[in-house]
Amino acid sequence: MPQSLAQNLHHTIFSTKDLVKMIRGVWAPELYSYIGGIMRRMNCRLISAGGTSDHVHLLSSTGKTTTIPDLVMKVKSLSSAWIHENVAKGKKFSWQRGYASFSVSEAMMEDVKKYIEHQPEHHRQCCFQEELRTLLNKHKLNYDEKYLWD
């Protein structure tokens, strides 16, 4: 085959450090748009973004040369700088150190998009910690509870 082709869909989740409730609905769409721009510059595509005041969910397609750790590091670093410059205005802000990322099949993409779009409603029922534990267990990822939160 003379060319390389790839379709890599991922549902990635990360929270604010110490689960500080800082992401506000008023500027969250701008944040997601900015994250989409970061991803485009990395030859990736943001398909859906959402979350609540203390965490974000991103459904994305990664380019054939981009690794998930590189993408998440760049998104967190540049979006954190954007938040400091445009929103925080002297307030302390940072993302947690880690993240969770799950592969998504093309057949499940619409379900994941709906899940991300309905985050505010979902979180009337459960907190981020419960949600993350549920997703980790659903995807059969082993984890140590003491390293999930910072």
# chains A, B, ... in the order shown; residues from 1 in each chain; ligands from 1
$ residues_around --residues "A:Gly36" --least-positions-apart "6" --cutoff "9 Å" --atoms "only C-alpha atoms" --output "PyMOL selection string"
chain A and resi 44-47+49+75
$ residues_around --residues "A:Ser4" --least-positions-apart "5" --cutoff "12 Å" --atoms "only C-alpha atoms" --output "list of chain:residue names"
A:Gly63, A:Lys64, A:Thr65
$ atom_distance --atom1 "atom CA of A:Val56" --atom2 "atom CA of A:Ser15"
6.2 Å
$ atom_distance --atom1 "atom CA of A:Tyr115" --atom2 "atom CA of A:Asp144"
25.3 Å
$ atom_distance --atom1 "atom CA of A:His57" --atom2 "atom CA of A:Phe14"
7.0 Å
$ residues_around --residues "A:Val87" --least-positions-apart "6" --cutoff "10 Å" --atoms "only C-alpha atoms" --output "PyMOL selection string"
chain A and resi 22-24+27+31+80-81+93
$ write_last_selection --atoms "C-alpha atoms" --output "PDB file, in the first residue's frame"
ATOM      1  CA  MET A  22     -13.599  26.355  37.778  1.00  0.00           C
ATOM      2  CA  ILE A  23     -14.855  25.603  34.264  1.00  0.00           C
ATOM      3  CA  ARG A  24     -17.877  27.831  33.843  1.00  0.00           C
ATOM      4  CA  TRP A  27     -16.626  30.359  28.683  1.00  0.00           C
ATOM      5  CA  LEU A  31     -12.329  26.545  25.781  1.00  0.00           C
ATOM      6  CA  SER A  80      -4.169  25.896  30.696  1.00  0.00           C
ATOM      7  CA  ALA A  81      -2.197  28.862  29.329  1.00  0.00           C
ATOM      8  CA  PHE A  93      -5.679  26.984  37.682  1.00  0.00           C
TER       9      PHE A  93
END
$ closest_residue --among "A:Met42, A:Leu148, A:Val20, A:Leu59" --to "A:Lys113" --atoms "only C-alpha atoms"
A:Leu59
$ select_by_dssp --residues "chain A" --states "strand (DSSP E)" --output "JSON, numbers by chain"
{"A": [8, 9, 10, 11, 12, 13, 14, 15, 45, 46, 47, 48, 49, 50, 51, 52, 55, 56, 57, 58, 59, 60, 61, 62, 100, 101, 102, 103, 104]}
$ residues_around --residues "A:Leu141" --least-positions-apart "3" --cutoff "12 Å" --atoms "only C-alpha atoms" --output "ChimeraX atom specification"
/A:100-103,132-138,144-145
$ write_last_selection --atoms "N, CA, C and O atoms" --output "mmCIF file, in the first residue's frame"
data_model
loop_
_atom_site.group_PDB
_atom_site.id
_atom_site.type_symbol
_atom_site.label_atom_id
_atom_site.label_comp_id
_atom_site.auth_asym_id
_atom_site.auth_seq_id
_atom_site.Cartn_x
_atom_site.Cartn_y
_atom_site.Cartn_z
ATOM 1 N N ALA A 100 -7.674 9.756 31.461
ATOM 2 C CA ALA A 100 -8.136 8.434 31.019
ATOM 3 C C ALA A 100 -8.531 8.574 29.561
ATOM 4 O O ALA A 100 -9.120 9.582 29.167
ATOM 5 N N SER A 101 -8.200 7.589 28.764
ATOM 6 C CA SER A 101 -8.555 7.623 27.353
ATOM 7 C C SER A 101 -8.987 6.228 26.929
ATOM 8 O O SER A 101 -8.313 5.240 27.241
ATOM 9 N N PHE A 102 -10.111 6.172 26.244
ATOM 10 C CA PHE A 102 -10.696 4.909 25.828
ATOM 11 C C PHE A 102 -10.878 4.906 24.322
ATOM 12 O O PHE A 102 -11.325 5.894 23.741
ATOM 13 N N SER A 103 -10.551 3.783 23.690
ATOM 14 C CA SER A 103 -10.794 3.696 22.247
ATOM 15 C C SER A 103 -12.292 3.584 22.004
ATOM 16 O O SER A 103 -13.028 3.049 22.824
ATOM 17 N N LEU A 132 -15.819 8.239 36.657
ATOM 18 C CA LEU A 132 -14.536 7.720 36.190
ATOM 19 C C LEU A 132 -14.359 6.265 36.606
ATOM 20 O O LEU A 132 -13.954 5.430 35.792
ATOM 21 N N ARG A 133 -14.670 5.942 37.851
ATOM 22 C CA ARG A 133 -14.564 4.541 38.293
ATOM 23 C C ARG A 133 -15.430 3.632 37.424
ATOM 24 O O ARG A 133 -15.002 2.552 37.026
ATOM 25 N N THR A 134 -16.647 4.070 37.128
ATOM 26 C CA THR A 134 -17.564 3.278 36.294
ATOM 27 C C THR A 134 -16.972 3.051 34.913
ATOM 28 O O THR A 134 -16.996 1.924 34.393
ATOM 29 N N LEU A 135 -16.438 4.108 34.294
ATOM 30 C CA LEU A 135 -15.851 3.968 32.959
ATOM 31 C C LEU A 135 -14.609 3.081 32.974
ATOM 32 O O LEU A 135 -14.417 2.251 32.079
ATOM 33 N N LEU A 136 -13.767 3.236 33.982
ATOM 34 C CA LEU A 136 -12.575 2.395 34.078
ATOM 35 C C LEU A 136 -12.960 0.927 34.224
ATOM 36 O O LEU A 136 -12.362 0.052 33.580
ATOM 37 N N ASN A 137 -13.953 0.653 35.044
ATOM 38 C CA ASN A 137 -14.410 -0.725 35.231
ATOM 39 C C ASN A 137 -15.074 -1.268 33.966
ATOM 40 O O ASN A 137 -14.841 -2.415 33.577
ATOM 41 N N LYS A 138 -15.889 -0.446 33.317
ATOM 42 C CA LYS A 138 -16.561 -0.855 32.081
ATOM 43 C C LYS A 138 -15.543 -1.255 31.012
ATOM 44 O O LYS A 138 -15.737 -2.208 30.274
ATOM 45 N N ASP A 144 -5.230 1.924 40.482
ATOM 46 C CA ASP A 144 -5.033 2.039 41.931
ATOM 47 C C ASP A 144 -5.689 3.347 42.349
ATOM 48 O O ASP A 144 -5.299 4.418 41.894
ATOM 49 N N GLU A 145 -6.688 3.247 43.199
ATOM 50 C CA GLU A 145 -7.484 4.404 43.634
ATOM 51 C C GLU A 145 -6.612 5.552 44.131
ATOM 52 O O GLU A 145 -6.911 6.722 43.881
#
$ residues_around --residues "A:Gly25" --least-positions-apart "3" --cutoff "9 Å" --atoms "only C-alpha atoms" --output "PyMOL selection string"
chain A and resi 28-29+52-53
$ write_last_selection --atoms "C-alpha atoms" --output "PDB file, in the first residue's frame"
ATOM      1  CA  ALA A  28     -16.536  26.549  28.379  1.00  0.00           C
ATOM      2  CA  PRO A  29     -17.582  26.653  24.666  1.00  0.00           C
ATOM      3  CA  THR A  52     -18.848  20.075  33.963  1.00  0.00           C
ATOM      4  CA  SER A  53     -17.154  22.625  36.172  1.00  0.00           C
TER       5      SER A  53
END
$ residues_around --residues "A:Thr62" --least-positions-apart "2" --cutoff "8 Å" --atoms "only C-alpha atoms" --output "number ranges by chain"
A: 7-10, 43-45, 60, 64, 66-68
$ write_last_selection --atoms "N, CA, C and O atoms" --output "mmCIF file, in the first residue's frame"
data_model
loop_
_atom_site.group_PDB
_atom_site.id
_atom_site.type_symbol
_atom_site.label_atom_id
_atom_site.label_comp_id
_atom_site.auth_asym_id
_atom_site.auth_seq_id
_atom_site.Cartn_x
_atom_site.Cartn_y
_atom_site.Cartn_z
ATOM 1 N N GLN A 7 -7.668 5.383 11.384
ATOM 2 C CA GLN A 7 -8.887 5.920 11.989
ATOM 3 C C GLN A 7 -8.796 5.560 13.471
ATOM 4 O O GLN A 7 -8.959 4.403 13.844
ATOM 5 N N ASN A 8 -8.480 6.526 14.297
ATOM 6 C CA ASN A 8 -8.306 6.301 15.729
ATOM 7 C C ASN A 8 -9.207 7.242 16.505
ATOM 8 O O ASN A 8 -8.904 8.426 16.642
ATOM 9 N N LEU A 9 -10.315 6.719 17.013
ATOM 10 C CA LEU A 9 -11.247 7.517 17.804
ATOM 11 C C LEU A 9 -10.997 7.247 19.285
ATOM 12 O O LEU A 9 -10.838 6.092 19.685
ATOM 13 N N HIS A 10 -10.988 8.337 20.070
ATOM 14 C CA HIS A 10 -10.722 8.208 21.506
ATOM 15 C C HIS A 10 -11.647 9.102 22.322
ATOM 16 O O HIS A 10 -11.926 10.236 21.926
ATOM 17 N N ASN A 43 -2.989 17.807 13.442
ATOM 18 C CA ASN A 43 -3.597 16.887 12.480
ATOM 19 C C ASN A 43 -4.540 15.884 13.140
ATOM 20 O O ASN A 43 -4.609 14.713 12.752
ATOM 21 N N CYS A 44 -5.251 16.355 14.145
ATOM 22 C CA CYS A 44 -6.266 15.570 14.834
ATOM 23 C C CYS A 44 -7.586 16.322 14.686
ATOM 24 O O CYS A 44 -7.614 17.437 14.188
ATOM 25 N N ARG A 45 -8.668 15.701 15.135
ATOM 26 C CA ARG A 45 -9.974 16.345 14.993
ATOM 27 C C ARG A 45 -10.773 16.179 16.266
ATOM 28 O O ARG A 45 -10.935 15.061 16.769
ATOM 29 N N SER A 60 -12.282 12.486 20.108
ATOM 30 C CA SER A 60 -11.411 12.984 19.047
ATOM 31 C C SER A 60 -10.919 11.852 18.167
ATOM 32 O O SER A 60 -10.938 10.681 18.539
ATOM 33 N N LYS A 64 -2.445 9.970 12.209
ATOM 34 C CA LYS A 64 -1.688 8.716 12.145
ATOM 35 C C LYS A 64 -0.306 8.816 12.793
ATOM 36 O O LYS A 64 0.316 7.797 13.060
ATOM 37 N N THR A 66 0.206 10.949 15.619
ATOM 38 C CA THR A 66 0.043 11.570 16.933
ATOM 39 C C THR A 66 -0.290 10.520 17.983
ATOM 40 O O THR A 66 -1.202 9.719 17.788
ATOM 41 N N THR A 67 0.443 10.540 19.071
ATOM 42 C CA THR A 67 0.130 9.626 20.173
ATOM 43 C C THR A 67 -0.827 10.318 21.142
ATOM 44 O O THR A 67 -0.848 11.556 21.229
ATOM 45 N N ILE A 68 -1.581 9.533 21.852
ATOM 46 C CA ILE A 68 -2.516 10.095 22.829
ATOM 47 C C ILE A 68 -1.772 10.877 23.915
ATOM 48 O O ILE A 68 -2.175 11.998 24.225
#
$ select_by_dssp --residues "chain A" --states "alpha helix (DSSP H)" --output "ChimeraX atom specification"
/A:28-41,68-83,109-117,119-122,128-138
$ closest_residue --among "A:Glu30, A:Tyr143, A:Ser61, A:Lys21" --to "A:Ser105" --atoms "only C-alpha atoms"
A:Ser61
$ closest_residue --among "A:Tyr99, A:Phe128, A:Trp149, A:Tyr34" --to "A:Ser79" --atoms "only C-alpha atoms"
A:Tyr34
